[in-house]
Amino acid sequence: MTRGALALLIHGGTDNWSPERWKARFDQVCHDRRVLQLPQASFNPADVHYAAVWKPVPGELAAFPNLKVIFNLGAGVDALMADKTLPSVPLVRVAVDDLTNRMMEYVVLHVLMHHRQEPYLRESQRNGRWAPKYQWPASAICVGIMGIGTLGARAAHVLQQIGFRVVGWSRSRKQVEGIECFAGGEQFDAFLRRTDILVCLLPLTADTRGILNRDVFGKLNRASPLGAPVLINAGRGGLQNEADILASLDGTLGGVSLDVFSREPVPADSPFWTHPKVVLTPHNAADTDPGAISRYVAEQIARFEAGGALENVVDRARGY
Ligand code: NAP
Ligand code: GLV
């Protein structure tokens, strides 16, 4: 029997999204299946049963009449959800330990960086200034995680082990040992009031777009031991109102770490590059590893073809 082909549609533009690198990994794990790196001259679109994609051009996936499953090669599916022609087959997103642990590292690094006042200490060093500041214990600080899902839950667990107080906010109610969990719009303000360091790991959906705004920053713990609350966003740029962030750095926020932006790459003249209270990273908080993720996709296809259920299927109505 000829197995349906897997089409790779990758438009990333960075090293990690080199289509050749992904093709080599998929060839290793899908040895009994044709892996097509598109655009490719000679293939029949009807032979394609699976697509593994990162930011495909809207309309590109509609060209395959026998498509059975779409695998998004990252955790966030907002780019795909914006494609009105997306075929109505199951859409699977990434949820693997490799990516979850990378994001945990990013979150822990940036929480500790702000908690231990590293931006202030580095500036003191640059200015040759010996100016110690009181360092609070982790237990004095409450980290609030917006989006206590796959990524948020792992980061919350490790932060809690370090000694931080951790609160979480999600759409549906959660029970996570040692973490005070809040849910829905009605508990959002109570969650914010507790929070000294706000970590955003929400997906970008119609409900969450622009949620990181001045009104929300003003509700964070005004009596924070850090002097002013801090924002860390590694979800998506569309979650944040960037003008509000810059305006809030007047003291409403004490500092921010941003991995994601409304325009990526961030334009050369953006104030985010040089603002002393901004720590900028180029959307690489949690890279997707072609080895780990091609294995994840190949295992899902094998299970699906054996009659088993797909895992981490996106709920199209919720948008994540
Ligand atoms: P996930 O497992 O689906 O978790 C999403 C969490 O957000 C869930 O707890 C969900 O609540 C909550 N949520 C969604 N909509 C909400 C709303 N309207 N109000 C309150 N809570 C809401 O997703 P994940 O795997 O943790 O990934 C999260 C996001 O991280 C991705 O969508 C992507 O944008 C981003 N990401 C960024 C990078 C990077 O390198 N910067 C890498 C990977 C992922 P429920 O639990 O109730 O559903
Ligand atoms: C990266 O941004 C992802 O969604 O995995």
# chains A, B, ... in the order shown; residues from 1 in each chain; ligands from 1

$ residues_near_ligand --ligand "ligand 2" --cutoff "9 Å" --atoms "only C-alpha atoms and all ligand atoms" --output "PyMOL selection string"
chain A and resi 72-78+93-95+99+203+234-236+260+283-288

$ write_last_selection --atoms "all heavy atoms" --output "short mmCIF file (atom, residue, chain, number, x, y, z; two decimals), in the first residue's frame"
data_model
loop_
_atom_site.label_atom_id
_atom_site.label_comp_id
_atom_site.auth_asym_id
_atom_site.auth_seq_id
_atom_site.Cartn_x
_atom_site.Cartn_y
_atom_site.Cartn_z
N ASN A 72 0.54 21.69 13.16
CA ASN A 72 1.24 22.96 13.30
C ASN A 72 2.56 22.67 14.01
O ASN A 72 2.58 21.95 15.00
CB ASN A 72 0.38 23.92 14.14
CG ASN A 72 0.98 25.30 14.22
OD1 ASN A 72 1.33 25.87 13.19
ND2 ASN A 72 1.11 25.84 15.42
N LEU A 73 3.65 23.20 13.51
CA LEU A 73 4.97 22.85 14.07
C LEU A 73 5.33 23.70 15.29
O LEU A 73 6.46 23.63 15.78
CB LEU A 73 6.04 22.94 12.99
CG LEU A 73 5.87 21.88 11.88
CD1 LEU A 73 6.87 22.10 10.76
CD2 LEU A 73 6.00 20.46 12.44
N GLY A 74 4.40 24.49 15.78
CA GLY A 74 4.61 25.25 17.02
C GLY A 74 3.39 25.08 17.91
O GLY A 74 2.42 24.40 17.54
N ALA A 75 3.46 25.72 19.10
CA ALA A 75 2.34 25.60 20.05
C ALA A 75 1.19 26.53 19.67
O ALA A 75 0.01 26.17 19.80
CB ALA A 75 2.84 25.91 21.45
N GLY A 76 1.52 27.73 19.19
CA GLY A 76 0.49 28.73 18.91
C GLY A 76 -0.05 28.58 17.49
O GLY A 76 0.72 28.47 16.54
N VAL A 77 -1.37 28.59 17.37
CA VAL A 77 -1.99 28.35 16.04
C VAL A 77 -2.66 29.60 15.49
O VAL A 77 -3.44 29.53 14.54
CB VAL A 77 -3.02 27.20 16.11
CG1 VAL A 77 -2.34 25.86 16.38
CG2 VAL A 77 -4.11 27.48 17.14
N ASP A 78 -2.38 30.77 16.08
CA ASP A 78 -3.08 31.98 15.67
C ASP A 78 -2.91 32.28 14.18
O ASP A 78 -3.85 32.72 13.52
CB ASP A 78 -2.60 33.18 16.52
CG ASP A 78 -1.09 33.18 16.71
OD1 ASP A 78 -0.56 32.26 17.36
OD2 ASP A 78 -0.43 34.09 16.17
N ARG A 93 -1.64 20.81 17.46
CA ARG A 93 -0.58 21.75 17.82
C ARG A 93 0.51 21.02 18.60
O ARG A 93 0.33 19.87 19.01
CB ARG A 93 -1.14 22.91 18.63
CG ARG A 93 -1.68 22.46 19.95
CD ARG A 93 -2.35 23.56 20.74
NE ARG A 93 -2.26 23.22 22.16
CZ ARG A 93 -1.27 23.59 22.94
NH1 ARG A 93 -0.29 24.34 22.48
NH2 ARG A 93 -1.23 23.23 24.20
N VAL A 94 1.63 21.69 18.81
CA VAL A 94 2.74 21.07 19.54
C VAL A 94 2.52 21.20 21.05
O VAL A 94 2.23 22.28 21.55
CB VAL A 94 4.08 21.73 19.14
CG1 VAL A 94 5.16 21.40 20.16
CG2 VAL A 94 4.51 21.28 17.76
N ALA A 95 2.65 20.10 21.74
CA ALA A 95 2.74 20.11 23.21
C ALA A 95 3.70 18.98 23.55
O ALA A 95 3.29 17.83 23.68
CB ALA A 95 1.36 19.89 23.83
N LEU A 99 9.75 21.51 24.16
CA LEU A 99 9.36 22.92 24.04
C LEU A 99 8.91 23.47 25.39
O LEU A 99 9.24 24.59 25.77
CB LEU A 99 8.25 23.06 22.99
CG LEU A 99 7.83 24.49 22.70
CD1 LEU A 99 7.76 24.73 21.20
CD2 LEU A 99 6.48 24.82 23.28
N PRO A 203 -2.64 32.07 24.57
CA PRO A 203 -2.68 32.04 23.10
C PRO A 203 -3.34 33.33 22.61
O PRO A 203 -4.10 33.96 23.34
CB PRO A 203 -3.59 30.83 22.82
CG PRO A 203 -4.45 30.69 24.02
CD PRO A 203 -3.70 31.25 25.20
N ALA A 234 5.63 36.18 26.73
CA ALA A 234 6.19 35.26 25.73
C ALA A 234 5.07 34.56 24.98
O ALA A 234 5.29 33.53 24.35
CB ALA A 234 7.11 34.24 26.39
N GLY A 235 3.85 35.13 25.06
CA GLY A 235 2.70 34.50 24.37
C GLY A 235 2.72 34.88 22.89
O GLY A 235 3.25 34.14 22.05
N ARG A 236 2.16 36.02 22.57
CA ARG A 236 2.17 36.57 21.21
C ARG A 236 2.15 38.09 21.30
O ARG A 236 1.56 38.65 22.24
CB ARG A 236 0.93 36.12 20.42
CG ARG A 236 1.01 34.72 19.87
CD ARG A 236 2.00 34.59 18.71
NE ARG A 236 2.00 33.24 18.15
CZ ARG A 236 2.83 32.26 18.51
NH1 ARG A 236 3.74 32.47 19.43
NH2 ARG A 236 2.76 31.07 17.94
N VAL A 260 7.92 38.64 22.26
CA VAL A 260 7.02 38.66 21.10
C VAL A 260 6.51 40.08 20.88
O VAL A 260 6.36 40.85 21.83
CB VAL A 260 5.83 37.69 21.35
CG1 VAL A 260 6.27 36.25 21.21
CG2 VAL A 260 5.21 37.92 22.71
N HIS A 283 11.75 36.58 19.78
CA HIS A 283 10.80 35.45 19.65
C HIS A 283 11.55 34.10 19.63
O HIS A 283 11.38 33.32 18.71
CB HIS A 283 9.92 35.60 18.40
CG HIS A 283 8.69 34.73 18.45
ND1 HIS A 283 7.50 35.06 17.86
CD2 HIS A 283 8.48 33.53 19.03
CE1 HIS A 283 6.61 34.11 18.07
NE2 HIS A 283 7.19 33.16 18.79
N ASN A 284 12.39 33.91 20.63
CA ASN A 284 13.00 32.58 20.75
C ASN A 284 13.02 32.09 22.18
O ASN A 284 13.94 31.40 22.62
CB ASN A 284 14.37 32.50 20.07
CG ASN A 284 15.46 33.25 20.82
OD1 ASN A 284 15.17 34.10 21.66
ND2 ASN A 284 16.69 32.92 20.54
N ALA A 285 11.94 32.42 22.90
CA ALA A 285 11.80 31.92 24.28
C ALA A 285 11.82 30.39 24.27
O ALA A 285 12.47 29.76 25.09
CB ALA A 285 10.50 32.43 24.89
N ALA A 286 11.09 29.80 23.33
CA ALA A 286 11.00 28.34 23.29
C ALA A 286 10.99 27.90 21.84
O ALA A 286 9.95 27.80 21.21
CB ALA A 286 9.73 27.88 24.00
N ASP A 287 12.17 27.65 21.32
CA ASP A 287 12.28 27.20 19.93
C ASP A 287 11.70 25.80 19.79
O ASP A 287 11.76 24.99 20.71
CB ASP A 287 13.75 27.15 19.51
CG ASP A 287 14.27 28.54 19.15
OD1 ASP A 287 13.44 29.44 18.94
OD2 ASP A 287 15.50 28.71 19.09
N THR A 288 11.16 25.54 18.60
CA THR A 288 10.70 24.19 18.30
C THR A 288 11.87 23.43 17.70
O THR A 288 12.49 23.88 16.74
CB THR A 288 9.53 24.20 17.31
OG1 THR A 288 9.86 25.09 16.26
CG2 THR A 288 8.25 24.65 17.95
#

$ atom_distance --atom1 "CA of Asp244 (chain A)" --atom2 "CA of Leu212 (chain A)"
8.4 Å

$ atom_distance --atom1 "CA of Gly4 (chain A)" --atom2 "CA of Asp47 (chain A)"
5.7 Å

$ select_by_dssp --residues "region 242-313 of chain A" --states "alpha helix (DSSP H)" --output "ChimeraX atom specification"
/A:242-248,290-305

$ select_by_dssp --residues "region 113-186 of chain A" --states "strand (DSSP E or B)" --output "JSON list (two decimals) with C-alpha atoms, in the first residue's frame"
[["chain", "number", "residue", "atom", "x", "y", "z"],
["A", 142, "CYS", "CA", 3.99, 36.65, 43.83],
["A", 143, "VAL", "CA", 4.26, 35.57, 40.19],
["A", 144, "GLY", "CA", 0.94, 35.63, 38.32],
["A", 145, "ILE", "CA", 0.76, 33.38, 35.28],
["A", 146, "MET", "CA", -1.83, 34.29, 32.63],
["A", 165, "ARG", "CA", 4.25, 32.43, 45.55],
["A", 166, "VAL", "CA", 2.46, 31.59, 42.31],
["A", 167, "VAL", "CA", -1.07, 32.37, 41.16],
["A", 168, "GLY", "CA", -2.57, 31.30, 37.83],
["A", 169, "TRP", "CA", -5.37, 32.51, 35.60],
["A", 170, "SER", "CA", -7.13, 30.51, 32.87],
["A", 176, "VAL", "CA", -2.96, 22.80, 40.78],
["A", 179, "ILE", "CA", -0.98, 27.34, 43.20],
["A", 180, "GLU", "CA", -3.94, 29.62, 43.77],
["A", 181, "CYS", "CA", -5.95, 29.38, 40.58],
["A", 182, "PHE", "CA", -8.33, 32.02, 39.22],
["A", 183, "ALA", "CA", -10.60, 31.62, 36.21]]

$ atom_distance --atom1 "CA of Ser262 (chain A)" --atom2 "atom 11 (O, counted along the ligand's line) of ligand 1"
22.0 Å

$ residues_around --residues "Glu20 (chain A)" --least-positions-apart "2" --cutoff "12 Å" --atoms "only C-alpha atoms" --output "list in words"
Leu8, Leu9, Ile10, His11, Gly12, Gly13, Thr14, Asp15, Asn16, Trp17, Ser18, Trp22, Lys23, Ala24, Arg25, Phe26, Asp27, Val35, Leu36, Gln37, Leu38, Pro39 and Pro290 of chain A

$ decode --residues "region 192-205 of chain A" --atoms "all heavy atoms" --output "PDB file, in the first residue's frame"
ATOM      1  N   LEU A 192      -5.019  39.770  39.303  1.00  0.00           N
ATOM      2  CA  LEU A 192      -4.077  40.863  39.041  1.00  0.00           C
ATOM      3  C   LEU A 192      -3.627  41.533  40.342  1.00  0.00           C
ATOM      4  O   LEU A 192      -2.445  41.860  40.504  1.00  0.00           O
ATOM      5  CB  LEU A 192      -4.715  41.904  38.115  1.00  0.00           C
ATOM      6  CG  LEU A 192      -5.020  41.432  36.685  1.00  0.00           C
ATOM      7  CD1 LEU A 192      -5.861  42.482  35.951  1.00  0.00           C
ATOM      8  CD2 LEU A 192      -3.734  41.152  35.906  1.00  0.00           C
ATOM      9  N   ARG A 193      -4.576  41.716  41.257  1.00  0.00           N
ATOM     10  CA  ARG A 193      -4.244  42.414  42.525  1.00  0.00           C
ATOM     11  C   ARG A 193      -3.162  41.692  43.317  1.00  0.00           C
ATOM     12  O   ARG A 193      -2.387  42.293  44.027  1.00  0.00           O
ATOM     13  CB  ARG A 193      -5.503  42.559  43.386  1.00  0.00           C
ATOM     14  CG  ARG A 193      -6.351  43.767  43.027  1.00  0.00           C
ATOM     15  CD  ARG A 193      -7.339  44.111  44.148  1.00  0.00           C
ATOM     16  NE  ARG A 193      -8.283  43.024  44.412  1.00  0.00           N
ATOM     17  CZ  ARG A 193      -9.431  42.853  43.744  1.00  0.00           C
ATOM     18  NH1 ARG A 193      -9.769  43.691  42.776  1.00  0.00           N
ATOM     19  NH2 ARG A 193     -10.238  41.861  44.051  1.00  0.00           N
ATOM     20  N   ARG A 194      -3.100  40.351  43.187  1.00  0.00           N
ATOM     21  CA  ARG A 194      -2.098  39.564  43.928  1.00  0.00           C
ATOM     22  C   ARG A 194      -0.703  39.653  43.284  1.00  0.00           C
ATOM     23  O   ARG A 194       0.278  39.292  43.896  1.00  0.00           O
ATOM     24  CB  ARG A 194      -2.440  38.067  43.866  1.00  0.00           C
ATOM     25  CG  ARG A 194      -3.719  37.656  44.441  1.00  0.00           C
ATOM     26  CD  ARG A 194      -3.538  37.275  45.906  1.00  0.00           C
ATOM     27  NE  ARG A 194      -4.550  36.327  46.318  1.00  0.00           N
ATOM     28  CZ  ARG A 194      -5.841  36.555  46.398  1.00  0.00           C
ATOM     29  NH1 ARG A 194      -6.301  37.731  46.060  1.00  0.00           N
ATOM     30  NH2 ARG A 194      -6.685  35.625  46.803  1.00  0.00           N
ATOM     31  N   THR A 195      -0.642  40.057  42.000  1.00  0.00           N
ATOM     32  CA  THR A 195       0.540  39.774  41.179  1.00  0.00           C
ATOM     33  C   THR A 195       1.610  40.869  41.202  1.00  0.00           C
ATOM     34  O   THR A 195       1.327  42.039  40.930  1.00  0.00           O
ATOM     35  CB  THR A 195       0.059  39.533  39.719  1.00  0.00           C
ATOM     36  OG1 THR A 195      -0.777  38.383  39.720  1.00  0.00           O
ATOM     37  CG2 THR A 195       1.213  39.313  38.773  1.00  0.00           C
ATOM     38  N   ASP A 196       2.870  40.452  41.483  1.00  0.00           N
ATOM     39  CA  ASP A 196       4.022  41.366  41.398  1.00  0.00           C
ATOM     40  C   ASP A 196       4.735  41.224  40.056  1.00  0.00           C
ATOM     41  O   ASP A 196       5.229  42.194  39.499  1.00  0.00           O
ATOM     42  CB  ASP A 196       5.042  41.044  42.509  1.00  0.00           C
ATOM     43  CG  ASP A 196       4.435  41.183  43.890  1.00  0.00           C
ATOM     44  OD1 ASP A 196       3.830  42.235  44.152  1.00  0.00           O
ATOM     45  OD2 ASP A 196       4.542  40.224  44.689  1.00  0.00           O
ATOM     46  N   ILE A 197       4.844  39.983  39.581  1.00  0.00           N
ATOM     47  CA  ILE A 197       5.466  39.745  38.266  1.00  0.00           C
ATOM     48  C   ILE A 197       4.428  38.999  37.426  1.00  0.00           C
ATOM     49  O   ILE A 197       4.036  37.878  37.756  1.00  0.00           O
ATOM     50  CB  ILE A 197       6.761  38.916  38.392  1.00  0.00           C
ATOM     51  CG1 ILE A 197       7.795  39.660  39.260  1.00  0.00           C
ATOM     52  CG2 ILE A 197       7.336  38.613  37.006  1.00  0.00           C
ATOM     53  CD1 ILE A 197       9.136  38.937  39.435  1.00  0.00           C
ATOM     54  N   LEU A 198       3.973  39.660  36.360  1.00  0.00           N
ATOM     55  CA  LEU A 198       2.928  39.078  35.507  1.00  0.00           C
ATOM     56  C   LEU A 198       3.591  38.391  34.320  1.00  0.00           C
ATOM     57  O   LEU A 198       4.305  39.037  33.546  1.00  0.00           O
ATOM     58  CB  LEU A 198       2.004  40.192  35.013  1.00  0.00           C
ATOM     59  CG  LEU A 198       0.816  39.770  34.137  1.00  0.00           C
ATOM     60  CD1 LEU A 198      -0.187  38.944  34.948  1.00  0.00           C
ATOM     61  CD2 LEU A 198       0.107  41.007  33.560  1.00  0.00           C
ATOM     62  N   VAL A 199       3.351  37.085  34.196  1.00  0.00           N
ATOM     63  CA  VAL A 199       3.918  36.317  33.078  1.00  0.00           C
ATOM     64  C   VAL A 199       2.767  35.935  32.168  1.00  0.00           C
ATOM     65  O   VAL A 199       1.803  35.290  32.603  1.00  0.00           O
ATOM     66  CB  VAL A 199       4.610  35.024  33.589  1.00  0.00           C
ATOM     67  CG1 VAL A 199       5.088  34.174  32.423  1.00  0.00           C
ATOM     68  CG2 VAL A 199       5.763  35.360  34.522  1.00  0.00           C
ATOM     69  N   CYS A 200       2.850  36.330  30.888  1.00  0.00           N
ATOM     70  CA  CYS A 200       1.757  36.020  29.974  1.00  0.00           C
ATOM     71  C   CYS A 200       2.147  34.887  29.029  1.00  0.00           C
ATOM     72  O   CYS A 200       3.082  35.015  28.246  1.00  0.00           O
ATOM     73  CB  CYS A 200       1.355  37.261  29.183  1.00  0.00           C
ATOM     74  SG  CYS A 200      -0.024  36.892  28.073  1.00  0.00           S
ATOM     75  N   LEU A 201       1.407  33.796  29.124  1.00  0.00           N
ATOM     76  CA  LEU A 201       1.586  32.650  28.217  1.00  0.00           C
ATOM     77  C   LEU A 201       0.234  32.266  27.624  1.00  0.00           C
ATOM     78  O   LEU A 201      -0.094  31.082  27.489  1.00  0.00           O
ATOM     79  CB  LEU A 201       2.204  31.470  28.984  1.00  0.00           C
ATOM     80  CG  LEU A 201       3.664  31.667  29.400  1.00  0.00           C
ATOM     81  CD1 LEU A 201       4.117  30.565  30.343  1.00  0.00           C
ATOM     82  CD2 LEU A 201       4.577  31.722  28.184  1.00  0.00           C
ATOM     83  N   LEU A 202      -0.546  33.282  27.284  1.00  0.00           N
ATOM     84  CA  LEU A 202      -1.854  33.035  26.671  1.00  0.00           C
ATOM     85  C   LEU A 202      -1.694  32.796  25.179  1.00  0.00           C
ATOM     86  O   LEU A 202      -0.767  33.308  24.552  1.00  0.00           O
ATOM     87  CB  LEU A 202      -2.753  34.258  26.849  1.00  0.00           C
ATOM     88  CG  LEU A 202      -3.306  34.562  28.228  1.00  0.00           C
ATOM     89  CD1 LEU A 202      -3.973  35.944  28.221  1.00  0.00           C
ATOM     90  CD2 LEU A 202      -4.287  33.494  28.682  1.00  0.00           C
ATOM     91  N   PRO A 203      -2.638  32.068  24.574  1.00  0.00           N
ATOM     92  CA  PRO A 203      -2.685  32.041  23.104  1.00  0.00           C
ATOM     93  C   PRO A 203      -3.339  33.331  22.611  1.00  0.00           C
ATOM     94  O   PRO A 203      -4.103  33.965  23.336  1.00  0.00           O
ATOM     95  CB  PRO A 203      -3.586  30.829  22.821  1.00  0.00           C
ATOM     96  CG  PRO A 203      -4.448  30.687  24.023  1.00  0.00           C
ATOM     97  CD  PRO A 203      -3.703  31.255  25.203  1.00  0.00           C
ATOM     98  N   LEU A 204      -3.055  33.701  21.361  1.00  0.00           N
ATOM     99  CA  LEU A 204      -3.698  34.875  20.771  1.00  0.00           C
ATOM    100  C   LEU A 204      -5.010  34.443  20.121  1.00  0.00           C
ATOM    101  O   LEU A 204      -5.014  33.643  19.174  1.00  0.00           O
ATOM    102  CB  LEU A 204      -2.779  35.512  19.730  1.00  0.00           C
ATOM    103  CG  LEU A 204      -3.358  36.734  19.004  1.00  0.00           C
ATOM    104  CD1 LEU A 204      -3.685  37.859  19.981  1.00  0.00           C
ATOM    105  CD2 LEU A 204      -2.393  37.227  17.939  1.00  0.00           C
ATOM    106  N   THR A 205      -6.126  34.934  20.662  1.00  0.00           N
ATOM    107  CA  THR A 205      -7.450  34.622  20.120  1.00  0.00           C
ATOM    108  C   THR A 205      -8.264  35.922  20.090  1.00  0.00           C
ATOM    109  O   THR A 205      -7.784  36.962  20.569  1.00  0.00           O
ATOM    110  CB  THR A 205      -8.207  33.609  21.025  1.00  0.00           C
ATOM    111  OG1 THR A 205      -8.488  34.254  22.283  1.00  0.00           O
ATOM    112  CG2 THR A 205      -7.399  32.346  21.278  1.00  0.00           C
TER     113      THR A 205
END
